[in-house]
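Coordinates as given in coords.pdb (PDB, C-alpha atoms and all ligand atoms):
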MODEL        1
ATOM      1  CA  MET M1050     132.407 -39.743   8.780
ATOM      2  CA  PRO M1051     135.541 -41.726   8.049
ATOM      3  CA  ASN M1052     135.327 -45.472   8.360
ATOM      4  CA  ASN M1053     132.696 -45.567  11.079
ATOM      5  CA  LEU M1054     131.246 -48.653   9.427
ATOM      6  CA  ALA M1055     134.579 -50.372   9.565
ATOM      7  CA  LEU M1056     135.990 -49.450  12.958
ATOM      8  CA  GLY M1057     136.898 -52.218  15.349
ATOM      9  CA  LYS M1058     135.563 -52.469  18.908
ATOM     10  CA  GLU M1059     138.678 -50.933  20.434
ATOM     11  CA  GLN M1060     138.171 -47.816  18.345
ATOM     12  CA  LEU M1061     134.643 -47.099  19.512
ATOM     13  CA  TRP M1062     134.291 -44.145  21.829
ATOM     14  CA  SER M1063     132.004 -44.517  24.785
ATOM     15  CA  ARG M1064     129.439 -41.925  25.821
ATOM     16  CA  ARG M1065     131.540 -41.432  28.975
ATOM     17  CA  GLN M1066     134.588 -40.479  26.926
ATOM     18  CA  LEU M1067     132.474 -38.130  24.854
ATOM     19  CA  LEU M1068     131.148 -36.482  28.027
ATOM     20  CA  LYS M1069     134.695 -36.089  29.367
ATOM     21  CA  LEU M1070     135.621 -34.163  26.262
ATOM     22  CA  GLY M1071     132.426 -32.153  26.428
ATOM     23  CA  LEU M1072     131.404 -33.247  23.004
ATOM     24  CA  CYS M1073     128.116 -34.930  23.763
ATOM     25  CA  GLY M1074     125.380 -33.129  21.927
ATOM     26  CA  THR M1075     127.797 -31.125  19.769
ATOM     27  CA  GLY M1076     126.275 -32.710  16.716
ATOM     28  CA  LEU M1077     127.744 -34.432  13.719
ATOM     29  CA  ALA M1078     130.729 -32.138  13.229
ATOM     30  CA  GLY M1079     132.100 -32.828  16.708
ATOM     31  CA  ALA M1080     131.436 -36.513  16.394
ATOM     32  CA  ALA M1081     133.124 -36.626  13.001
ATOM     33  CA  ALA M1082     136.209 -34.937  14.443
ATOM     34  CA  LEU M1083     136.266 -37.503  17.220
ATOM     35  CA  TRP M1084     136.028 -40.404  14.816
ATOM     36  CA  GLN M1085     138.937 -38.917  12.922
ATOM     37  CA  MET M1086     140.972 -38.595  16.138
ATOM     38  CA  ALA M1087     140.160 -42.141  17.142
ATOM     39  CA  ASN M1088     141.200 -43.351  13.754
ATOM     40  CA  VAL M1089     144.508 -41.475  13.743
ATOM     41  CA  LYS M1090     145.368 -42.759  17.195
ATOM     42  CA  SER M1091     144.610 -46.344  16.342
ATOM     43  CA  GLN M1092     146.564 -46.194  13.114
ATOM     44  CA  SER M1093     149.808 -44.701  14.413
ATOM     45  CA  ILE M1094     151.771 -47.732  13.255
ATOM     46  CA  VAL M1095     151.040 -49.132   9.815
ATOM     47  CA  LYS M1096     151.891 -52.740   9.203
ATOM     48  CA  VAL M1097     152.153 -54.146   5.710
ATOM     49  CA  PRO M1098     151.624 -57.879   5.218
ATOM     50  CA  PRO M1099     154.530 -59.779   3.661
ATOM     51  CA  THR M1100     154.124 -59.599  -0.104
ATOM     52  CA  GLU M1101     155.971 -61.833  -2.527
ATOM     53  CA  ILE M1102     157.633 -59.694  -5.162
ATOM     54  CA  ALA M1103     159.425 -61.550  -7.932
ATOM     55  CA  ALA M1104     163.045 -60.444  -8.368
ATOM     56  CA  SER M1105     162.155 -59.393 -11.890
ATOM     57  CA  GLU M1106     158.520 -58.938 -12.702
ATOM     58  CA  GLY M1107     159.351 -57.782 -16.219
ATOM     59  CA  VAL M1108     157.607 -54.951 -17.999
ATOM     60  CA  THR M1109     154.684 -55.160 -15.585
ATOM     61  CA  GLN M1110     155.327 -55.301 -11.858
ATOM     62  CA  PRO M1111     151.877 -55.567 -10.299
ATOM     63  CA  MET M1112     152.947 -56.756  -6.839
ATOM     64  CA  LYS M1113     155.751 -54.216  -6.503
ATOM     65  CA  MET M1114     153.640 -51.412  -7.931
ATOM     66  CA  LEU M1115     150.965 -51.710  -5.245
ATOM     67  CA  ARG M1116     152.975 -49.890  -2.613
ATOM     68  CA  ASN M1117     155.832 -48.432  -4.635
ATOM     69  CA  PHE M1118     156.174 -44.642  -4.748
ATOM     70  CA  ASP M1119     158.861 -42.746  -6.644
ATOM     71  CA  TYR M1120     159.833 -39.709  -4.550
ATOM     72  CA  GLY M1121     162.507 -38.633  -7.045
ATOM     73  CA  THR M1122     165.822 -37.058  -6.051
ATOM     74  CA  LEU M1123     166.020 -34.006  -3.838
ATOM     75  CA  LYS M1124     168.223 -31.186  -5.109
ATOM     76  CA  HIS M1125     168.932 -27.786  -3.630
ATOM     77  CA  GLU M1126     169.375 -24.873  -6.031
ATOM     78  CA  ASN M1127     169.383 -21.151  -5.175
ATOM     79  CA  GLY M1128     167.841 -21.755  -1.773
ATOM     80  CA  ARG M1129     165.020 -23.809  -3.213
ATOM     81  CA  THR M1130     164.346 -27.539  -2.918
ATOM     82  CA  ILE M1131     163.633 -29.323  -6.170
ATOM     83  CA  ARG M1132     162.305 -32.828  -6.525
ATOM     84  CA  GLU M1133     163.737 -34.269  -9.718
ATOM     85  CA  PHE M1134     162.443 -37.281 -11.654
ATOM     86  CA  SER M1135     163.799 -39.043 -14.735
ATOM     87  CA  LEU M1136     161.359 -40.664 -17.120
ATOM     88  CA  THR M1137     162.460 -42.468 -20.275
ATOM     89  CA  ALA M1138     159.966 -43.669 -22.869
ATOM     90  CA  GLY M1139     160.889 -46.939 -24.568
ATOM     91  CA  THR M1140     159.383 -49.925 -26.320
ATOM     92  CA  SER M1141     158.548 -53.305 -24.786
ATOM     93  CA  VAL M1142     156.488 -56.395 -25.352
ATOM     94  CA  ILE M1143     153.922 -57.312 -22.731
ATOM     95  CA  GLN M1144     152.650 -60.872 -22.316
ATOM     96  CA  LEU M1145     148.933 -60.403 -21.586
ATOM     97  CA  ASN M1146     148.309 -64.130 -21.174
ATOM     98  CA  SER M1147     149.905 -67.379 -22.332
ATOM     99  CA  ALA M1148     148.751 -66.775 -25.914
ATOM    100  CA  VAL M1149     148.725 -63.010 -26.435
ATOM    101  CA  SER M1150     151.648 -60.622 -26.480
ATOM    102  CA  TYR M1151     151.386 -56.944 -27.356
ATOM    103  CA  ASN M1152     153.862 -54.207 -28.311
ATOM    104  CA  ILE M1153     153.649 -51.285 -25.921
ATOM    105  CA  TRP M1154     155.423 -48.056 -25.091
ATOM    106  CA  ASP M1155     156.851 -48.105 -21.575
ATOM    107  CA  LEU M1156     158.156 -45.555 -19.096
ATOM    108  CA  ASN M1157     161.383 -46.513 -17.321
ATOM    109  CA  GLY M1158     160.840 -50.029 -18.661
ATOM    110  CA  HIS M1159     157.387 -50.509 -17.125
ATOM    111  CA  ILE M1160     153.679 -50.168 -17.740
ATOM    112  CA  PRO M1161     152.090 -48.240 -16.081
ATOM    113  CA  GLY M1162     154.834 -45.669 -15.507
ATOM    114  CA  PRO M1163     156.100 -45.080 -11.948
ATOM    115  CA  THR M1164     153.822 -43.499  -9.353
ATOM    116  CA  LEU M1165     155.460 -40.113  -8.779
ATOM    117  CA  ARG M1166     154.920 -38.562  -5.381
ATOM    118  CA  VAL M1167     155.632 -35.036  -4.171
ATOM    119  CA  LYS M1168     154.346 -32.592  -1.586
ATOM    120  CA  GLN M1169     152.248 -29.544  -2.379
ATOM    121  CA  GLY M1170     154.413 -26.489  -2.972
ATOM    122  CA  GLU M1171     157.577 -28.358  -3.894
ATOM    123  CA  ARG M1172     159.301 -27.524  -7.146
ATOM    124  CA  VAL M1173     159.072 -30.522  -9.472
ATOM    125  CA  ARG M1174     161.451 -31.201 -12.337
ATOM    126  CA  ILE M1175     160.870 -33.979 -14.853
ATOM    127  CA  LEU M1176     163.714 -35.010 -17.150
ATOM    128  CA  PHE M1177     161.972 -36.698 -20.076
ATOM    129  CA  LEU M1178     163.995 -38.719 -22.568
ATOM    130  CA  ASN M1179     162.209 -40.212 -25.548
ATOM    131  CA  LYS M1180     163.680 -43.455 -26.861
ATOM    132  CA  ALA M1181     160.402 -44.947 -28.036
ATOM    133  CA  GLY M1182     160.873 -44.559 -31.799
ATOM    134  CA  HIS M1183     158.121 -41.975 -32.270
ATOM    135  CA  SER M1184     157.324 -38.472 -31.026
ATOM    136  CA  HIS M1185     155.882 -38.399 -27.504
ATOM    137  CA  SER M1186     155.386 -35.975 -24.626
ATOM    138  CA  LEU M1187     154.430 -35.929 -20.953
ATOM    139  CA  HIS M1188     151.433 -33.875 -19.929
ATOM    140  CA  PHE M1189     150.908 -33.519 -16.176
ATOM    141  CA  HIS M1190     147.566 -32.757 -14.593
ATOM    142  CA  GLY M1191     147.922 -29.862 -12.161
ATOM    143  CA  ILE M1192     148.387 -26.103 -12.293
ATOM    144  CA  HIS M1193     151.324 -24.827 -14.363
ATOM    145  CA  SER M1194     152.255 -22.488 -17.219
ATOM    146  CA  SER M1195     151.365 -23.333 -20.833
ATOM    147  CA  ASP M1196     154.973 -23.988 -21.820
ATOM    148  CA  MET M1197     155.088 -26.753 -19.191
ATOM    149  CA  ASP M1198     151.828 -28.323 -20.313
ATOM    150  CA  GLY M1199     153.493 -31.153 -22.214
ATOM    151  CA  ILE M1200     151.580 -31.085 -25.454
ATOM    152  CA  ARG M1201     154.592 -30.290 -27.683
ATOM    153  CA  PRO M1202     156.082 -33.349 -29.397
ATOM    154  CA  VAL M1203     159.470 -34.550 -28.204
ATOM    155  CA  SER M1204     160.982 -36.372 -31.161
ATOM    156  CA  ASN M1205     162.551 -39.787 -30.878
ATOM    157  CA  GLY M1206     166.076 -39.561 -29.493
ATOM    158  CA  SER M1207     165.606 -36.161 -27.871
ATOM    159  CA  ALA M1208     164.838 -34.929 -24.375
ATOM    160  CA  THR M1209     163.036 -32.127 -22.611
ATOM    161  CA  ILE M1210     162.538 -30.797 -19.101
ATOM    162  CA  TYR M1211     159.189 -30.050 -17.491
ATOM    163  CA  GLU M1212     159.312 -27.924 -14.350
ATOM    164  CA  PHE M1213     156.530 -26.527 -12.192
ATOM    165  CA  ASP M1214     155.345 -26.104  -8.610
ATOM    166  CA  ALA M1215     153.316 -29.014  -7.269
ATOM    167  CA  GLU M1216     149.745 -27.851  -6.861
ATOM    168  CA  PRO M1217     147.040 -28.517  -5.926
ATOM    169  CA  TYR M1218     147.303 -31.543  -3.618
ATOM    170  CA  GLY M1219     145.412 -34.564  -4.829
ATOM    171  CA  VAL M1220     145.654 -37.733  -6.890
ATOM    172  CA  HIS M1221     146.652 -36.712 -10.393
ATOM    173  CA  LEU M1222     148.183 -38.319 -13.453
ATOM    174  CA  TYR M1223     150.582 -37.798 -16.305
ATOM    175  CA  HIS M1224     150.368 -39.122 -19.825
ATOM    176  CA  CYS M1225     151.587 -38.639 -23.359
ATOM    177  CA  HIS M1226     149.588 -36.004 -25.257
ATOM    178  CA  ILE M1227     150.560 -36.713 -28.856
ATOM    179  CA  GLU M1228     147.747 -37.472 -31.304
ATOM    180  CA  PRO M1229     146.026 -39.796 -31.456
ATOM    181  CA  VAL M1230     146.094 -39.467 -27.668
ATOM    182  CA  THR M1231     143.831 -42.503 -27.264
ATOM    183  CA  ARG M1232     146.484 -44.653 -28.885
ATOM    184  CA  HIS M1233     149.456 -43.096 -27.113
ATOM    185  CA  ILE M1234     147.800 -43.603 -23.738
ATOM    186  CA  ALA M1235     146.380 -47.038 -24.495
ATOM    187  CA  LYS M1236     149.817 -48.254 -25.560
ATOM    188  CA  GLY M1237     151.246 -47.436 -22.176
ATOM    189  CA  LEU M1238     152.386 -43.851 -21.665
ATOM    190  CA  TYR M1239     150.690 -42.943 -18.393
ATOM    191  CA  GLY M1240     151.208 -43.018 -14.655
ATOM    192  CA  MET M1241     149.884 -41.686 -11.370
ATOM    193  CA  PHE M1242     151.092 -38.383  -9.918
ATOM    194  CA  ILE M1243     150.314 -37.885  -6.229
ATOM    195  CA  ILE M1244     150.659 -34.462  -4.622
ATOM    196  CA  ASP M1245     150.507 -34.867  -0.847
ATOM    197  CA  PRO M1246     148.729 -32.191   1.202
ATOM    198  CA  PRO M1247     150.785 -29.832   3.426
ATOM    199  CA  ASN M1248     149.543 -31.657   6.544
ATOM    200  CA  PRO M1249     149.892 -35.395   5.960
ATOM    201  CA  ARG M1250     146.898 -37.678   5.877
ATOM    202  CA  PRO M1251     146.539 -40.124   8.793
ATOM    203  CA  PRO M1252     148.779 -43.188   8.551
ATOM    204  CA  ALA M1253     147.305 -46.016   6.454
ATOM    205  CA  ASP M1254     148.322 -48.943   4.300
ATOM    206  CA  GLU M1255     148.514 -47.050   1.005
ATOM    207  CA  ILE M1256     147.852 -48.954  -2.201
ATOM    208  CA  VAL M1257     147.890 -47.855  -5.863
ATOM    209  CA  LEU M1258     145.454 -49.270  -8.413
ATOM    210  CA  VAL M1259     145.598 -48.054 -12.015
ATOM    211  CA  MET M1260     142.868 -49.345 -14.327
ATOM    212  CA  ALA M1261     143.788 -49.571 -18.025
ATOM    213  CA  GLY M1262     142.771 -51.363 -21.213
ATOM    214  CA  TYR M1263     144.535 -53.025 -24.142
ATOM    215  CA  ASP M1264     143.296 -52.755 -27.749
ATOM    216  CA  VAL M1265     145.404 -55.518 -29.246
ATOM    217  CA  ASN M1266     143.747 -55.674 -32.706
ATOM    218  CA  ASP M1267     143.522 -51.930 -33.429
ATOM    219  CA  ASP M1268     139.728 -51.794 -33.618
ATOM    220  CA  SER M1269     139.446 -48.959 -31.078
ATOM    221  CA  ARG M1270     137.933 -51.326 -28.529
ATOM    222  CA  ASN M1271     139.701 -52.985 -25.645
ATOM    223  CA  GLU M1272     140.075 -56.728 -25.680
ATOM    224  CA  TYR M1273     141.828 -56.870 -22.303
ATOM    225  CA  TYR M1274     141.782 -54.810 -19.133
ATOM    226  CA  ALA M1275     144.015 -54.738 -16.079
ATOM    227  CA  PHE M1276     144.749 -53.336 -12.668
ATOM    228  CA  ASN M1277     148.396 -52.208 -12.596
ATOM    229  CA  GLY M1278     149.293 -53.581 -16.015
ATOM    230  CA  LEU M1279     148.572 -57.283 -15.996
ATOM    231  CA  PRO M1280     145.096 -58.787 -16.635
ATOM    232  CA  HIS M1281     143.693 -60.993 -13.844
ATOM    233  CA  HIS M1282     146.920 -60.810 -11.814
ATOM    234  CA  TYR M1283     145.303 -59.992  -8.468
ATOM    235  CA  MET M1284     142.783 -62.799  -8.960
ATOM    236  CA  ASP M1285     145.622 -65.317  -8.927
ATOM    237  CA  ASN M1286     147.717 -63.288  -6.477
ATOM    238  CA  PRO M1287     145.397 -61.638  -3.940
ATOM    239  CA  ILE M1288     146.493 -58.396  -2.313
ATOM    240  CA  ARG M1289     146.982 -59.179   1.364
ATOM    241  CA  ILE M1290     145.789 -56.549   3.825
ATOM    242  CA  TYR M1291     145.298 -56.597   7.584
ATOM    243  CA  LYS M1292     141.904 -56.759   9.221
ATOM    244  CA  ASP M1293     140.784 -53.496  10.898
ATOM    245  CA  GLN M1294     143.660 -51.491   9.408
ATOM    246  CA  LEU M1295     142.870 -48.359   7.419
ATOM    247  CA  ILE M1296     143.462 -48.927   3.695
ATOM    248  CA  ARG M1297     143.962 -45.895   1.489
ATOM    249  CA  LEU M1298     143.461 -46.713  -2.181
ATOM    250  CA  TYR M1299     144.736 -44.347  -4.828
ATOM    251  CA  VAL M1300     142.622 -45.323  -7.837
ATOM    252  CA  LEU M1301     142.987 -44.032 -11.403
ATOM    253  CA  ASN M1302     140.858 -44.889 -14.420
ATOM    254  CA  ILE M1303     142.950 -44.525 -17.585
ATOM    255  CA  ILE M1304     140.919 -46.959 -19.716
ATOM    256  CA  GLU M1305     140.669 -45.479 -23.216
ATOM    257  CA  TYR M1306     137.844 -46.371 -25.648
ATOM    258  CA  ASP M1307     135.298 -46.950 -22.840
ATOM    259  CA  PRO M1308     133.584 -43.715 -21.750
ATOM    260  CA  ALA M1309     133.447 -44.597 -18.047
ATOM    261  CA  VAL M1310     133.826 -47.477 -15.646
ATOM    262  CA  THR M1311     132.943 -47.995 -12.031
ATOM    263  CA  PHE M1312     135.007 -49.299  -9.132
ATOM    264  CA  HIS M1313     133.190 -51.646  -6.817
ATOM    265  CA  LEU M1314     134.402 -53.219  -3.578
ATOM    266  CA  HIS M1315     132.760 -56.352  -2.159
ATOM    267  CA  ALA M1316     131.367 -56.674   1.357
ATOM    268  CA  ASN M1317     132.317 -53.174   2.466
ATOM    269  CA  PHE M1318     131.831 -49.455   1.885
ATOM    270  CA  PHE M1319     134.512 -46.849   1.327
ATOM    271  CA  ASP M1320     134.931 -43.147   2.019
ATOM    272  CA  VAL M1321     135.436 -41.107  -1.144
ATOM    273  CA  TYR M1322     137.896 -38.199  -1.338
ATOM    274  CA  ARG M1323     137.157 -36.932  -4.835
ATOM    275  CA  THR M1324     140.340 -36.431  -6.882
ATOM    276  CA  GLY M1325     142.082 -36.758  -3.510
ATOM    277  CA  MET M1326     141.563 -33.007  -3.105
ATOM    278  CA  THR M1327     139.851 -32.947   0.262
ATOM    279  CA  MET M1328     140.878 -33.974   3.775
ATOM    280  CA  THR M1329     137.382 -35.107   4.723
ATOM    281  CA  PRO M1330     135.330 -37.549   2.673
ATOM    282  CA  SER M1331     132.394 -36.356   0.613
ATOM    283  CA  GLU M1332     130.462 -39.611   0.516
ATOM    284  CA  LYS M1333     130.431 -43.258   1.462
ATOM    285  CA  THR M1334     129.517 -45.867  -1.129
ATOM    286  CA  ASP M1335     130.525 -49.244  -2.501
ATOM    287  CA  VAL M1336     130.554 -48.324  -6.176
ATOM    288  CA  ILE M1337     131.862 -45.132  -7.778
ATOM    289  CA  THR M1338     131.752 -44.062 -11.419
ATOM    290  CA  MET M1339     134.938 -42.771 -13.016
ATOM    291  CA  GLY M1340     135.315 -41.225 -16.478
ATOM    292  CA  VAL M1341     138.635 -41.452 -18.313
ATOM    293  CA  ALA M1342     141.392 -39.816 -16.218
ATOM    294  CA  GLU M1343     139.201 -39.564 -13.122
ATOM    295  CA  ARG M1344     140.873 -40.670  -9.916
ATOM    296  CA  HIS M1345     140.051 -40.699  -6.253
ATOM    297  CA  ILE M1346     141.234 -41.694  -2.813
ATOM    298  CA  LEU M1347     139.046 -44.437  -1.352
ATOM    299  CA  GLU M1348     139.420 -45.429   2.310
ATOM    300  CA  PHE M1349     138.108 -48.441   4.159
ATOM    301  CA  ALA M1350     138.969 -51.181   6.627
ATOM    302  CA  PHE M1351     137.709 -54.753   6.641
ATOM    303  CA  ARG M1352     136.012 -56.123   9.737
ATOM    304  CA  TYR M1353     136.136 -59.807   8.821
ATOM    305  CA  PRO M1354     138.991 -61.944   7.474
ATOM    306  CA  GLY M1355     138.523 -63.541   4.083
ATOM    307  CA  LYS M1356     138.753 -62.868   0.380
ATOM    308  CA  TYR M1357     136.898 -59.936  -1.160
ATOM    309  CA  MET M1358     136.749 -59.032  -4.839
ATOM    310  CA  PHE M1359     137.079 -55.577  -6.378
ATOM    311  CA  HIS M1360     136.285 -54.707  -9.994
ATOM    312  CA  PRO M1361     134.375 -52.358 -12.281
ATOM    313  CA  HIS M1362     130.691 -53.268 -12.284
ATOM    314  CA  GLN M1363     130.787 -53.236 -16.067
ATOM    315  CA  ASP M1364     131.184 -56.950 -15.648
ATOM    316  CA  ALA M1365     132.474 -57.633 -19.155
ATOM    317  CA  ILE M1366     135.394 -55.315 -18.356
ATOM    318  CA  ALA M1367     135.998 -57.165 -15.094
ATOM    319  CA  GLU M1368     135.803 -60.553 -16.808
ATOM    320  CA  ASN M1369     138.365 -59.431 -19.378
ATOM    321  CA  GLY M1370     140.994 -58.791 -16.751
ATOM    322  CA  CYS M1371     140.112 -55.800 -14.543
ATOM    323  CA  MET M1372     139.343 -57.825 -11.468
ATOM    324  CA  GLY M1373     141.176 -58.585  -8.258
ATOM    325  CA  VAL M1374     140.921 -59.817  -4.683
ATOM    326  CA  PHE M1375     141.841 -58.430  -1.299
ATOM    327  CA  GLU M1376     142.788 -61.164   1.149
ATOM    328  CA  VAL M1377     142.043 -59.844   4.619
ATOM    329  CA  ILE M1378     144.206 -61.498   7.267
ATOM    330  CA  ASN M1379     144.551 -61.215  11.023
ATOM    331  CA  SER M1380     147.514 -59.147  12.130
TER
HETATM  332 CU    CU M1401     153.012 -40.653 -27.198
ENDMDL
END

Could you write out this structure as structure tokens?
Ligand SMILES: [Cu+2]
Amino acid sequence: MPNNLALGKEQLWSRRQLLKLGLCGTGLAGAAALWQMANVKSQSIVKVPPTEIAASEGVTQPMKMLRNFDYGTLKHENGRTIREFSLTAGTSVIQLNSAVSYNIWDLNGHIPGPTLRVKQGERVRILFLNKAGHSHSLHFHGIHSSDMDGIRPVSNGSATIYEFDAEPYGVHLYHCHIEPVTRHIAKGLYGMFIIDPPNPRPPADEIVLVMAGYDVNDDSRNEYYAFNGLPHHYMDNPIRIYKDQLIRLYVLNIIEYDPAVTFHLHANFFDVYRTGMTMTPSEKTDVITMGVAERHILEFAFRYPGKYMFHPHQDAIAENGCMGVFEVINS
């Protein structure tokens, strides 16, 4: 049942209302449908708290990235709609803290790459230009033909086009697939790829969190970790969300060198839509384990104002940068 732990008083349905609709005694399925209806109704307008976004956040843009989706450019060819994206691989230096900088590969000047967003069934075209001084590629998760699988090297200074139909709906990802893949991903060539379902999900404050690591001394272990590129950023700059409003997290674990991490949310429980490939949640929990490249939709609302941490429960990973705070405020 979606968010029944987190619903506000105004969203609760009385027995009288249930009787009116003839749903008393229809069991869990009927009740679940009702909760969903109540939720949709109450969430018809989504409000996003004011968020300070620096004019230029540099190679990382953690505040902007939270709610920033790249829908590409719509083109019409031969009676078909195509959603076209341009991705350029380059080189940048990221400042991980006041003492440590690190050479990375970026996509469109940023790490992680942009969150691409399409609808199931649309034709997707990716124009990939490699200016990163080394052979790279872009491999998309999804269903497509082998020649669009993105494992062939694209040499420095050249370009290629990937084109496929967007399926199936879910939270997916793209990343470079040139060996050693660990290194090519860990140095920055990855991003989230959301395929929306044919019937949209209920309105919610939608937030992207990409977990990644940095191996700055080439020992095949991560010294730093981050949500959305920059270690510890959301500890110092909490993510403001409204009390009682449905939050839809799109979470991706792309931490190389660690076999799996968890995602834990304080003082609440979330509904899990595994790989974002279902319209109803499969479980409710407050900690979920994610192997490399696993990703989910997690939904929740907070009942009480205040500050609430989120982090992997591998606490050393959290302490080394993969840690943040939601600041729940009254609307
Ligand atoms: Cu690469």

**OP:** Convert the output of the PyMOL selection byres (((chain M and resi 1110) around 9) and not hetatm) on the shown file into explicit residues, formatted as a list in words.
**Re:**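 When the PyMOL selection byres (((chain M and resi 1110) around 9) and not hetatm) is applied, the selected residues are Ile1102, Ala1103, Ser1105, Glu1106, Gly1107, Val1108, Thr1109, Pro1111, Met1112, Lys1113, Met1114, Leu1115, His1159, Ile1160, Pro1161, Asn1277, Gly1278 and Leu1279 of chain M.
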
Output of the PyMOL selection byres (((not hetatm)) within 9 of (chain M and resi 1401)), listed as a CSV table (one decimal) with C-alpha atoms, keeping the file's coordinate frame:
chain,number,residue,atom,x,y,z
M,1138,ALA,CA,160.0,-43.7,-22.9
M,1154,TRP,CA,155.4,-48.1,-25.1
M,1181,ALA,CA,160.4,-44.9,-28.0
M,1183,HIS,CA,158.1,-42.0,-32.3
M,1184,SER,CA,157.3,-38.5,-31.0
M,1185,HIS,CA,155.9,-38.4,-27.5
M,1186,SER,CA,155.4,-36.0,-24.6
M,1187,LEU,CA,154.4,-35.9,-21.0
M,1202,PRO,CA,156.1,-33.3,-29.4
M,1203,VAL,CA,159.5,-34.6,-28.2
M,1224,HIS,CA,150.4,-39.1,-19.8
M,1225,CYS,CA,151.6,-38.6,-23.4
M,1226,HIS,CA,149.6,-36.0,-25.3
M,1227,ILE,CA,150.6,-36.7,-28.9
M,1228,GLU,CA,147.7,-37.5,-31.3
M,1229,PRO,CA,146.0,-39.8,-31.5
M,1230,VAL,CA,146.1,-39.5,-27.7
M,1232,ARG,CA,146.5,-44.7,-28.9
M,1233,HIS,CA,149.5,-43.1,-27.1
M,1234,ILE,CA,147.8,-43.6,-23.7
M,1236,LYS,CA,149.8,-48.3,-25.6
M,1237,GLY,CA,151.2,-47.4,-22.2
M,1238,LEU,CA,152.4,-43.9,-21.7

Original post:
For the file shown, what are the residues hit by the PyMOL selection byres (((chain M and resi 1152) around 10) and not hetatm), laid out as an MDAnalysis selection string?
Top reply: chainID M and resid 1140:1144 1150:1151 1153:1155 1236:1237 1265

**OP:** Excluding Val1095 of chain M and any residue of its chain fewer than 4 positions from it, enumerate the residues within 8 Å of it, using all atoms listed in the file, and give them as a list in words.
**Re:**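 Here the qualifying residues turn out to be Pro1252, Ala1253, Asp1254 and Gln1294 of chain M.
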
Taking C-alpha atoms for each residue, export the selection above as a short mmCIF file (atom, residue, chain, number, x, y, z; two decimals), in the frame of the given file.
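Generated file (result.cif):
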data_model
loop_
_atom_site.label_atom_id
_atom_site.label_comp_id
_atom_site.auth_asym_id
_atom_site.auth_seq_id
_atom_site.Cartn_x
_atom_site.Cartn_y
_atom_site.Cartn_z
CA PRO M 1252 148.78 -43.19 8.55
CA ALA M 1253 147.30 -46.02 6.45
CA ASP M 1254 148.32 -48.94 4.30
CA GLN M 1294 143.66 -51.49 9.41
#

What are the centre and edge lengths in Å, to one decimal, of the axis-aligned box around all listed atoms of segment 1267-1278 of chain M with 8 Å added on each side, as lines of an AutoDock Vina configuration file?
center_x = 143.6
center_y = -52.9
center_z = -23.1
size_x = 27.4
size_y = 23.9
size_z = 37.0

Subject >> Residue nearest Leu1156 of chain M - candidates M:Tyr1299, M:Phe1359, M:Phe1276, M:Phe1134, atoms counted: only C-alpha atoms >> reply: M:Phe1134

Subject >> Gap from atom CA of Ser1331 of chain M to atom CA of Pro1308 of chain M - Å, one decimal >> reply: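 Taking atom CA of Ser1331 of chain M as the start and atom CA of Pro1308 of chain M as the end point, the length is 23.6 Å.
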
Original post:
Residues at most 7 Å from Leu1178 of chain M, counting only C-alpha atoms, excluding those fewer than 3 positions away in the same chain, as a PyMOL selection string?
Top reply: chain M and resi 1136-1138+1207-1209

Would you pick out the contacts of Arg1174 of chain M at 7 Å or less, using all atoms listed in the file, so that residues sharing its chain but fewer than 2 positions from it are not included, and give the list as a CSV table (one decimal) with C-alpha atoms, in the frame of the given file?
chain,number,residue,atom,x,y,z
M,1131,ILE,CA,163.6,-29.3,-6.2
M,1132,ARG,CA,162.3,-32.8,-6.5
M,1133,GLU,CA,163.7,-34.3,-9.7
M,1134,PHE,CA,162.4,-37.3,-11.7
M,1172,ARG,CA,159.3,-27.5,-7.1
M,1176,LEU,CA,163.7,-35.0,-17.2
M,1210,ILE,CA,162.5,-30.8,-19.1
M,1211,TYR,CA,159.2,-30.0,-17.5
M,1212,GLU,CA,159.3,-27.9,-14.4
M,1213,PHE,CA,156.5,-26.5,-12.2

Original post:
Which one is closest to Pro1354 of chain M: M:Phe1375, M:Arg1270, M:Asn1286, M:Val1167? Count all atoms listed in the file.
Top reply: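 Closest to Pro1354 of chain M of all the choices is M:Phe1375.
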
Original post:
Can you tell me how far atom CA of Asn1266 of chain M sits from atom CA of Asn1369 of chain M, in Å to one decimal?
Top reply: 14.9 Å

**OP:** Name the closest residue to Asn1179 of chain M among the candidates M:Gly1162, M:His1360, M:Phe1242, M:Ser1204; distances are taken between atoms, counting only C-alpha atoms.
**Re:**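 Selected residue with least distance to Asn1179 of chain M: M:Ser1204.
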
**OP:** Would you kindly return, as number ranges by chain, each protein, DNA or RNA residue with an atom no farther than 9 Å from any atom of Cys1371 of chain M, considering all atoms listed in the file and excluding same-chain residues fewer than 4 positions away?
**Re:** M: 1260-1262, 1273-1276, 1279-1282, 1359-1361, 1366-1367

Original post:
What gap, in Å, lies between atom CA of Ser1380 of chain M and atom CA of Pro1098 of chain M?
Top reply: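 These two atoms are separated by 8.1 Å.
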
Non-local contacts of Phe1118 of chain M (10 Å; all atoms listed in the file; under 6 positions in same chain excluded) as a JSON list (two decimals) with C-alpha atoms, in the frame of the given file:
[["chain", "number", "residue", "atom", "x", "y", "z"],
["M", 1163, "PRO", "CA", 156.10, -45.08, -11.95],
["M", 1164, "THR", "CA", 153.82, -43.50, -9.35],
["M", 1165, "LEU", "CA", 155.46, -40.11, -8.78],
["M", 1166, "ARG", "CA", 154.92, -38.56, -5.38],
["M", 1167, "VAL", "CA", 155.63, -35.04, -4.17],
["M", 1241, "MET", "CA", 149.88, -41.69, -11.37],
["M", 1242, "PHE", "CA", 151.09, -38.38, -9.92],
["M", 1243, "ILE", "CA", 150.31, -37.88, -6.23],
["M", 1255, "GLU", "CA", 148.51, -47.05, 1.00],
["M", 1256, "ILE", "CA", 147.85, -48.95, -2.20],
["M", 1257, "VAL", "CA", 147.89, -47.86, -5.86]]
